[in-house]
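S.K.: Quick one: the structure is below, questions incoming.
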Amino acid sequence: MPIAKISPSLLSGDFGILAAECKRMVSHGADWLHMDVMDGHFVPNITIGAPVISCLTKHLDAFLDCHMMVSHPEKWVDDFAKAGASLYCFHIEATQNASALIDQIHAAGMKAGVAVKPKTPISTVMDLGDKMDMCLVMTVEPGFGGQRFMAECIPKVKELRAKFPNLDIEVDGGIAMENIDAAAEAGANVIVAGTSIFKADDITGTIETFRNKVNSEQALLAKK
Ligand code: DX5
Ligand code: ZN
């Protein structure tokens with residue numbers, strides 16, 4: 001049974017003190033740290049690259065869940081592996097040969113994730129279900145934090161979970177107290193949240209609530 005992993009998105013943190021923000025999230029109970037990598041081509045925004053990941057891994061020992069919103073994901077695999085990234089999640093829309101890219105990521109020593117944008121059908125990744133370590137179902141258009149959750153993406157999670165009971169399925173975008181139930185009931189177990197965690201009055205409690213909701217839904221799904 002896939003267990004809950006709560007992965008706060010550092011995009012909502014203070015980039016001037018990024019390592020401290022990472023440590024703060026770990027101290028609040030974060031399982032993973034979600035690093036949003038944007039290249040200005042795949043999405044209309046630019047964030048960080050491997051040099052920043054490399055600096056971070058000198059300061060902390062945490063699972064870095066790297067969400068690669070970049071046009072040529074093949075290009076950066078080795079740099080991210082050397083920098084200490086744990087999981088390299090590329091977009092299916094950005095590559096011609098997803099299967100070869102998963103092999104490349106595994107050969108570099110990282111876990112491989114495949115992300116789908118809201119308008120991309122889930123059928124595009126179904127044949128990778130046994131090969132990828134994680135599927136990321138976007139619940140906003142990638143590029144910016146603080147956007148509204150798109151509930152219409154949730155059936156994709158359900159379809160994936162029905163076919164792959166042990167796969168890590170991540171949701172990312174607008175996840176908050178109002179919609180965590182929908183995501184968890186559909187079968188998501190890796191929860192990315194930027195705004196709702198960083199702006200919470202009780203960050204530890206928010207992470208704990210997300211985790212409990214996911215784990216109870218996974219227990220129910222396992223009985224079915
Ligand atoms: C959006 C990013 C998300 C974003 C989530 O492109 O992939 O990870 O930071 O932030 P919230 O939770 O605020 O939507
Ligand atoms: Zn992300």
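By convention here, the chains of the structure tokens are called A, B, ... in the order presented, each chain's residues are numbered starting at 1, and ligands are numbered starting at 1 in the order presented.
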Residues within 12 Å of ligand 2, counting only C-alpha atoms and all ligand atoms: report them as an NGL selection string.

M.R.: :A and (7-12 or 33-38 or 43 or 47 or 64-70 or 88-91 or 113-117 or 136-147 or 170-175 or 190-195)

S.K.: Would you list the contacts of range 183-186 of chain A as a ChimeraX atom specification, taking every protein, DNA or RNA residue within 7 Å and counting only C-alpha atoms, but skipping same-chain residues closer than 2 positions in sequence?

M.R.: /A:154,157-158,179-181,188-189,213-214,217

S.K.: According to DSSP computed on the backbone, where in range 11-222 of chain A is there helix (DSSP H, G or I)? Give the residues as number ranges by chain.

M.R.: A: 11-12, 15-27, 50-59, 73-83, 92-94, 98-107, 122-124, 126-128, 151-163, 180-186, 195-198, 203-222

S.K.: Could you please determine the separation between CA of Trp32 in chain A and CA of Phe63 in chain A in Å, to one decimal place?

M.R.: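 Computed distance, CA of Trp32 in chain A to CA of Phe63 in chain A, equals 5.0 Å.
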
S.K.: If DSSP is run on the backbone, what residues of range 30-134 of chain A are strand (DSSP E or B)? A reply as a short mmCIF file (atom, residue, chain, number, x, y, z; two decimals) with all heavy atoms, in the first residue's frame would be ideal.

M.R.:
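selection.cif, written as the output of this step:
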```
data_model
loop_
_atom_site.label_atom_id
_atom_site.label_comp_id
_atom_site.auth_asym_id
_atom_site.auth_seq_id
_atom_site.Cartn_x
_atom_site.Cartn_y
_atom_site.Cartn_z
N TRP A 32 9.06 14.76 2.00
CA TRP A 32 9.86 15.12 0.83
C TRP A 32 9.87 16.64 0.72
O TRP A 32 9.05 17.31 1.36
CB TRP A 32 9.23 14.56 -0.46
CG TRP A 32 9.28 13.07 -0.65
CD1 TRP A 32 9.75 12.13 0.23
CD2 TRP A 32 8.81 12.35 -1.81
NE1 TRP A 32 9.61 10.88 -0.33
CE2 TRP A 32 9.04 10.98 -1.57
CE3 TRP A 32 8.24 12.74 -3.03
CZ2 TRP A 32 8.71 9.99 -2.52
CZ3 TRP A 32 7.91 11.77 -3.96
CH2 TRP A 32 8.15 10.40 -3.71
N LEU A 33 10.78 17.17 -0.11
CA LEU A 33 10.77 18.60 -0.42
C LEU A 33 10.59 18.75 -1.92
O LEU A 33 11.35 18.16 -2.70
CB LEU A 33 12.08 19.26 0.04
CG LEU A 33 12.35 19.18 1.55
CD1 LEU A 33 13.77 19.68 1.87
CD2 LEU A 33 11.32 19.98 2.35
N HIS A 34 9.56 19.49 -2.33
CA HIS A 34 9.23 19.63 -3.74
C HIS A 34 9.94 20.87 -4.31
O HIS A 34 9.68 22.00 -3.89
CB HIS A 34 7.71 19.76 -3.89
CG HIS A 34 7.21 19.77 -5.29
ND1 HIS A 34 7.01 18.60 -6.01
CD2 HIS A 34 6.86 20.78 -6.11
CE1 HIS A 34 6.54 18.91 -7.21
NE2 HIS A 34 6.45 20.23 -7.31
N MET A 35 10.85 20.63 -5.26
CA MET A 35 11.63 21.71 -5.85
C MET A 35 11.12 21.95 -7.28
O MET A 35 11.22 21.06 -8.13
CB MET A 35 13.12 21.33 -5.91
CG MET A 35 13.69 20.77 -4.60
SD MET A 35 13.50 21.80 -3.13
CE MET A 35 14.31 23.30 -3.63
N ASP A 36 10.57 23.11 -7.54
CA ASP A 36 10.01 23.42 -8.86
C ASP A 36 11.08 24.05 -9.74
O ASP A 36 11.53 25.16 -9.49
CB ASP A 36 8.81 24.36 -8.70
CG ASP A 36 7.60 23.64 -8.16
OD1 ASP A 36 7.15 22.68 -8.82
OD2 ASP A 36 7.12 24.00 -7.07
N VAL A 37 11.44 23.32 -10.78
CA VAL A 37 12.50 23.76 -11.70
C VAL A 37 11.85 24.22 -13.00
O VAL A 37 11.16 23.43 -13.66
CB VAL A 37 13.49 22.60 -11.96
CG1 VAL A 37 14.56 23.02 -12.97
CG2 VAL A 37 14.13 22.15 -10.64
N MET A 38 12.01 25.48 -13.35
CA MET A 38 11.37 26.04 -14.56
C MET A 38 12.41 26.74 -15.41
O MET A 38 13.28 27.44 -14.88
CB MET A 38 10.30 27.06 -14.15
CG MET A 38 9.31 26.55 -13.12
SD MET A 38 8.03 27.78 -12.82
CE MET A 38 7.22 27.06 -11.38
N ASP A 39 12.31 26.55 -16.74
CA ASP A 39 13.36 27.04 -17.63
C ASP A 39 12.95 28.21 -18.52
O ASP A 39 13.70 28.63 -19.38
CB ASP A 39 13.86 25.89 -18.52
CG ASP A 39 12.81 25.45 -19.55
OD1 ASP A 39 11.63 25.87 -19.44
OD2 ASP A 39 13.17 24.68 -20.46
N ILE A 46 10.99 31.30 -14.64
CA ILE A 46 12.31 30.70 -14.42
C ILE A 46 12.56 30.60 -12.92
O ILE A 46 12.28 31.55 -12.19
CB ILE A 46 13.43 31.56 -15.06
CG1 ILE A 46 13.19 31.72 -16.57
CG2 ILE A 46 14.80 30.93 -14.82
CD1 ILE A 46 14.23 32.62 -17.26
N PHE A 63 14.92 14.20 1.08
CA PHE A 63 14.51 13.67 -0.23
C PHE A 63 14.06 14.83 -1.10
O PHE A 63 13.06 15.49 -0.80
CB PHE A 63 13.37 12.66 -0.03
CG PHE A 63 13.00 11.91 -1.29
CD1 PHE A 63 13.48 10.63 -1.51
CD2 PHE A 63 12.16 12.49 -2.25
CE1 PHE A 63 13.13 9.93 -2.68
CE2 PHE A 63 11.81 11.79 -3.40
CZ PHE A 63 12.31 10.51 -3.62
N LEU A 64 14.82 15.11 -2.16
CA LEU A 64 14.48 16.23 -3.04
C LEU A 64 13.71 15.74 -4.25
O LEU A 64 14.23 15.04 -5.12
CB LEU A 64 15.74 16.99 -3.46
CG LEU A 64 16.54 17.66 -2.33
CD1 LEU A 64 17.71 18.45 -2.89
CD2 LEU A 64 15.66 18.56 -1.46
N ASP A 65 12.45 16.13 -4.26
CA ASP A 65 11.47 15.76 -5.28
C ASP A 65 11.49 16.87 -6.34
O ASP A 65 10.89 17.93 -6.14
CB ASP A 65 10.12 15.66 -4.51
CG ASP A 65 8.87 15.72 -5.35
OD1 ASP A 65 8.92 15.33 -6.52
OD2 ASP A 65 7.82 16.15 -4.79
N CYS A 66 12.26 16.65 -7.41
CA CYS A 66 12.48 17.73 -8.40
C CYS A 66 11.48 17.66 -9.54
O CYS A 66 11.46 16.70 -10.31
CB CYS A 66 13.91 17.66 -8.93
SG CYS A 66 15.12 17.92 -7.62
N HIS A 67 10.67 18.67 -9.63
CA HIS A 67 9.62 18.77 -10.65
C HIS A 67 10.17 19.61 -11.80
O HIS A 67 10.28 20.82 -11.70
CB HIS A 67 8.37 19.42 -10.02
CG HIS A 67 7.25 19.63 -10.97
ND1 HIS A 67 6.14 20.38 -10.65
CD2 HIS A 67 7.03 19.16 -12.22
CE1 HIS A 67 5.31 20.39 -11.68
NE2 HIS A 67 5.83 19.66 -12.65
N MET A 68 10.53 18.91 -12.89
CA MET A 68 11.25 19.54 -13.99
C MET A 68 10.28 20.11 -15.03
O MET A 68 9.83 19.40 -15.93
CB MET A 68 12.18 18.51 -14.65
CG MET A 68 13.14 17.81 -13.69
SD MET A 68 14.28 18.92 -12.84
CE MET A 68 15.22 19.58 -14.21
N MET A 69 9.97 21.38 -14.91
CA MET A 69 9.11 22.04 -15.90
C MET A 69 10.03 22.68 -16.92
O MET A 69 10.18 23.90 -16.99
CB MET A 69 8.22 23.06 -15.19
CG MET A 69 7.10 22.40 -14.40
SD MET A 69 6.34 23.50 -13.20
CE MET A 69 7.46 23.27 -11.82
N LEU A 87 14.62 12.46 -6.82
CA LEU A 87 13.62 12.07 -7.81
C LEU A 87 13.58 13.13 -8.90
O LEU A 87 13.57 14.33 -8.60
CB LEU A 87 12.24 11.95 -7.12
CG LEU A 87 11.08 11.45 -7.98
CD1 LEU A 87 10.10 10.66 -7.11
CD2 LEU A 87 10.33 12.59 -8.64
N TYR A 88 13.59 12.66 -10.14
CA TYR A 88 13.61 13.56 -11.30
C TYR A 88 12.31 13.34 -12.05
O TYR A 88 12.11 12.30 -12.68
CB TYR A 88 14.82 13.20 -12.15
CG TYR A 88 15.17 14.15 -13.28
CD1 TYR A 88 16.15 15.13 -13.09
CD2 TYR A 88 14.57 14.05 -14.53
CE1 TYR A 88 16.51 15.99 -14.13
CE2 TYR A 88 14.92 14.90 -15.57
CZ TYR A 88 15.89 15.87 -15.37
OH TYR A 88 16.25 16.71 -16.39
N CYS A 89 11.42 14.30 -11.94
CA CYS A 89 10.09 14.15 -12.54
C CYS A 89 9.96 15.07 -13.75
O CYS A 89 9.93 16.29 -13.61
CB CYS A 89 9.02 14.48 -11.49
SG CYS A 89 7.34 14.26 -12.11
N PHE A 90 9.91 14.47 -14.93
CA PHE A 90 9.83 15.26 -16.17
C PHE A 90 8.39 15.27 -16.68
O PHE A 90 7.57 14.44 -16.27
CB PHE A 90 10.78 14.68 -17.23
CG PHE A 90 10.43 13.28 -17.68
CD1 PHE A 90 9.56 13.04 -18.74
CD2 PHE A 90 10.98 12.17 -17.03
CE1 PHE A 90 9.24 11.74 -19.15
CE2 PHE A 90 10.65 10.87 -17.43
CZ PHE A 90 9.78 10.66 -18.49
N HIS A 91 8.10 16.18 -17.59
CA HIS A 91 6.76 16.25 -18.18
C HIS A 91 6.68 15.40 -19.44
O HIS A 91 7.56 15.49 -20.31
CB HIS A 91 6.39 17.71 -18.50
CG HIS A 91 5.69 18.36 -17.36
ND1 HIS A 91 4.32 18.40 -17.27
CD2 HIS A 91 6.17 18.93 -16.23
CE1 HIS A 91 3.99 19.01 -16.14
NE2 HIS A 91 5.08 19.34 -15.49
N LYS A 111 15.23 8.29 -8.75
CA LYS A 111 13.90 7.78 -9.06
C LYS A 111 13.33 8.63 -10.20
O LYS A 111 13.67 9.80 -10.33
CB LYS A 111 12.99 7.90 -7.84
CG LYS A 111 13.30 6.85 -6.78
CD LYS A 111 12.26 6.88 -5.68
CE LYS A 111 12.58 5.89 -4.60
NZ LYS A 111 11.93 4.61 -4.76
N ALA A 112 12.46 8.00 -11.00
CA ALA A 112 11.91 8.69 -12.17
C ALA A 112 10.42 8.94 -12.01
O ALA A 112 9.65 8.03 -11.72
CB ALA A 112 12.16 7.86 -13.42
N GLY A 113 10.04 10.20 -12.22
CA GLY A 113 8.62 10.56 -12.20
C GLY A 113 8.20 11.11 -13.55
O GLY A 113 9.03 11.63 -14.30
N VAL A 114 6.91 10.94 -13.86
CA VAL A 114 6.38 11.47 -15.12
C VAL A 114 5.17 12.34 -14.78
O VAL A 114 4.24 11.89 -14.09
CB VAL A 114 5.96 10.33 -16.08
CG1 VAL A 114 5.50 10.91 -17.41
CG2 VAL A 114 7.12 9.35 -16.31
N ALA A 115 5.20 13.59 -15.25
CA ALA A 115 4.14 14.56 -14.92
C ALA A 115 3.23 14.80 -16.13
O ALA A 115 3.69 14.76 -17.27
CB ALA A 115 4.76 15.88 -14.49
N VAL A 116 1.94 15.01 -15.84
CA VAL A 116 0.98 15.36 -16.91
C VAL A 116 0.27 16.67 -16.57
O VAL A 116 -0.22 16.86 -15.46
CB VAL A 116 -0.08 14.24 -17.15
CG1 VAL A 116 0.52 13.05 -17.84
CG2 VAL A 116 -0.76 13.82 -15.87
N MET A 134 6.92 7.23 -10.09
CA MET A 134 5.85 8.12 -9.65
C MET A 134 5.19 8.79 -10.84
O MET A 134 5.85 9.05 -11.85
CB MET A 134 6.44 9.21 -8.73
CG MET A 134 5.42 10.13 -8.10
SD MET A 134 6.21 11.50 -7.22
CE MET A 134 6.46 12.66 -8.58
#
```

S.K.: One decimal, in Å: what's the spacing between CA of Asp202 in chain A and CA of His28 in chain A?

M.R.: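 Interatomic distance, CA of Asp202 in chain A to CA of His28 in chain A: 9.3 Å.
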
S.K.: Env of Ser71 in chain A: 8 Å cut, atoms = only C-alpha atoms, seq-sep filter 6 positions within chain, self excluded. Answer as a VMD selection string.

M.R.: chain A and resid 39 41 to 42 94 to 95

S.K.: Please dump the current selection as a PDB file, in the first residue's frame; keep N, CA, C and O atoms.

M.R.:
```pdb
ATOM      1  N   ASP A  39      12.308  26.546 -16.741  1.00  0.00           N
ATOM      2  CA  ASP A  39      13.360  27.036 -17.635  1.00  0.00           C
ATOM      3  C   ASP A  39      12.950  28.207 -18.522  1.00  0.00           C
ATOM      4  O   ASP A  39      13.701  28.629 -19.382  1.00  0.00           O
ATOM      5  N   HIS A  41      10.907  28.178 -20.892  1.00  0.00           N
ATOM      6  CA  HIS A  41      10.431  27.719 -22.203  1.00  0.00           C
ATOM      7  C   HIS A  41       9.190  26.851 -22.047  1.00  0.00           C
ATOM      8  O   HIS A  41       8.161  27.105 -22.657  1.00  0.00           O
ATOM      9  N   PHE A  42       9.321  25.837 -21.208  1.00  0.00           N
ATOM     10  CA  PHE A  42       8.183  24.929 -21.000  1.00  0.00           C
ATOM     11  C   PHE A  42       7.055  25.657 -20.277  1.00  0.00           C
ATOM     12  O   PHE A  42       5.879  25.374 -20.491  1.00  0.00           O
ATOM     13  N   ALA A  94       7.058  17.092 -22.741  1.00  0.00           N
ATOM     14  CA  ALA A  94       8.347  17.686 -23.111  1.00  0.00           C
ATOM     15  C   ALA A  94       9.312  16.695 -23.737  1.00  0.00           C
ATOM     16  O   ALA A  94      10.442  17.051 -24.054  1.00  0.00           O
ATOM     17  N   THR A  95       8.884  15.442 -23.897  1.00  0.00           N
ATOM     18  CA  THR A  95       9.838  14.456 -24.417  1.00  0.00           C
ATOM     19  C   THR A  95       9.229  13.576 -25.497  1.00  0.00           C
ATOM     20  O   THR A  95       8.026  13.345 -25.517  1.00  0.00           O
TER      21      THR A  95
END
```

S.K.: Leaving out range 123-125 of chain A and any residue of its chain fewer than 4 positions from it, which residues lie within 10 Å of it when counting only C-alpha atoms, given as a PyMOL selection string?

M.R.: chain A and resi 92-93+98-99+114-116+129+132+135+156+159-160

S.K.: Considering only C-alpha atoms and all ligand atoms, can you say which of A:Ala30, A:Val52, A:Ala176, A:Met1 comes closest to ligand 1?

M.R.: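 Smallest separation from ligand 1 among the options: A:Ala176.
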
S.K.: Rounded to one decimal place, report the CA of Met177 in chain A-CA of Arg161 in chain A distance in Å.

M.R.: 21.5 Å

S.K.: Taking into account only C-alpha atoms and all ligand atoms, which residue in the set A:Ala108, A:Ala83, A:Gly205, A:Arg148 is nearest to ligand 1?

M.R.: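 Of the candidates, the smallest distance to ligand 1 is held by A:Arg148.
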
S.K.: Give me, as a list of chain:residue names, all polymer residues having an atom no more than 8 Å from range 54-61 of chain A, counting only C-alpha atoms and skipping those fewer than 2 positions away in the same chain.

M.R.: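 What passes the distance filter is A:Leu18, A:Ala19, A:Lys23, A:Ala50, A:Pro51, A:Val52, A:Phe63, A:Phe80, A:Lys82, A:Ala83, A:Gly84.
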
S.K.: Could you pull the residues within 8 Å of Glu208 in chain A, counting only C-alpha atoms, minus those fewer than 4 positions along the same chain, as number ranges by chain?

M.R.: A: 29, 204, 212

S.K.: Can you write out the residues you just picked, keeping all heavy atoms, as a compact mmCIF listing (two decimals), in the first residue's frame?

M.R.:
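Resulting contents of out.txt:
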```
# COMPACT_ATOMS: atom_id res chain seq x y z
N GLY A 29 7.64 18.23 9.73
CA GLY A 29 7.17 16.89 9.40
C GLY A 29 7.12 16.55 7.92
O GLY A 29 6.59 15.49 7.54
N THR A 204 2.67 22.24 11.11
CA THR A 204 2.79 20.83 11.53
C THR A 204 1.43 20.15 11.46
O THR A 204 1.31 19.02 10.96
CB THR A 204 3.34 20.75 12.97
OG1 THR A 204 4.59 21.46 13.01
CG2 THR A 204 3.58 19.32 13.41
N ASN A 212 -2.70 12.04 7.46
CA ASN A 212 -3.72 11.14 8.00
C ASN A 212 -4.82 10.86 7.00
O ASN A 212 -5.30 9.73 6.88
CB ASN A 212 -4.32 11.72 9.29
CG ASN A 212 -3.29 11.71 10.41
OD1 ASN A 212 -2.33 10.95 10.37
ND2 ASN A 212 -3.50 12.57 11.41
```

S.K.: Looking at only C-alpha atoms, which of A:Phe149, A:Phe164, A:Leu221, A:Trp76 is the one that sits closest to Leu128 in chain A?

M.R.: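 Checking each of A:Phe149, A:Phe164, A:Leu221, A:Trp76 against Leu128 in chain A, counting only C-alpha atoms, the winner is A:Phe164.
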
S.K.: Smallest atom-to-atom distance to ligand 1: which of A:Met150, A:Asn215, A:Ala85, A:Lys5, using only C-alpha atoms and all ligand atoms?

M.R.: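 Looking at the shortest contact to ligand 1, the residue is A:Met150.
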
S.K.: Using only C-alpha atoms, which protein or nucleic acid residues come within 9 Å of Gln104 in chain A? Drop anything in the same chain fewer than 5 positions from it, and give the result as a list of chain:residue names.

M.R.: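 Returned residues: A:Glu74, A:Val77, A:Asp78, A:Ser99, A:Gly109.
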
S.K.: Those selected residues, please, written with N, CA and C atoms and delivered as a short mmCIF file (atom, residue, chain, number, x, y, z; two decimals), in the first residue's frame.

M.R.:
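Generated file (result-v9.cif):
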```cif
data_model
loop_
_atom_site.label_atom_id
_atom_site.label_comp_id
_atom_site.auth_asym_id
_atom_site.auth_seq_id
_atom_site.Cartn_x
_atom_site.Cartn_y
_atom_site.Cartn_z
N GLU A 74 15.96 15.67 -20.93
CA GLU A 74 17.12 14.76 -21.10
C GLU A 74 18.42 15.46 -20.74
N VAL A 77 19.62 15.57 -16.65
CA VAL A 77 19.59 14.39 -15.77
C VAL A 77 20.90 14.22 -15.00
N ASP A 78 22.02 14.25 -15.70
CA ASP A 78 23.30 14.01 -15.02
C ASP A 78 23.63 15.12 -14.03
N SER A 99 10.21 6.47 -22.24
CA SER A 99 10.75 5.23 -21.72
C SER A 99 12.28 5.30 -21.63
N GLY A 109 20.92 7.05 -11.16
CA GLY A 109 20.76 6.79 -9.73
C GLY A 109 19.62 7.52 -9.05
#
```
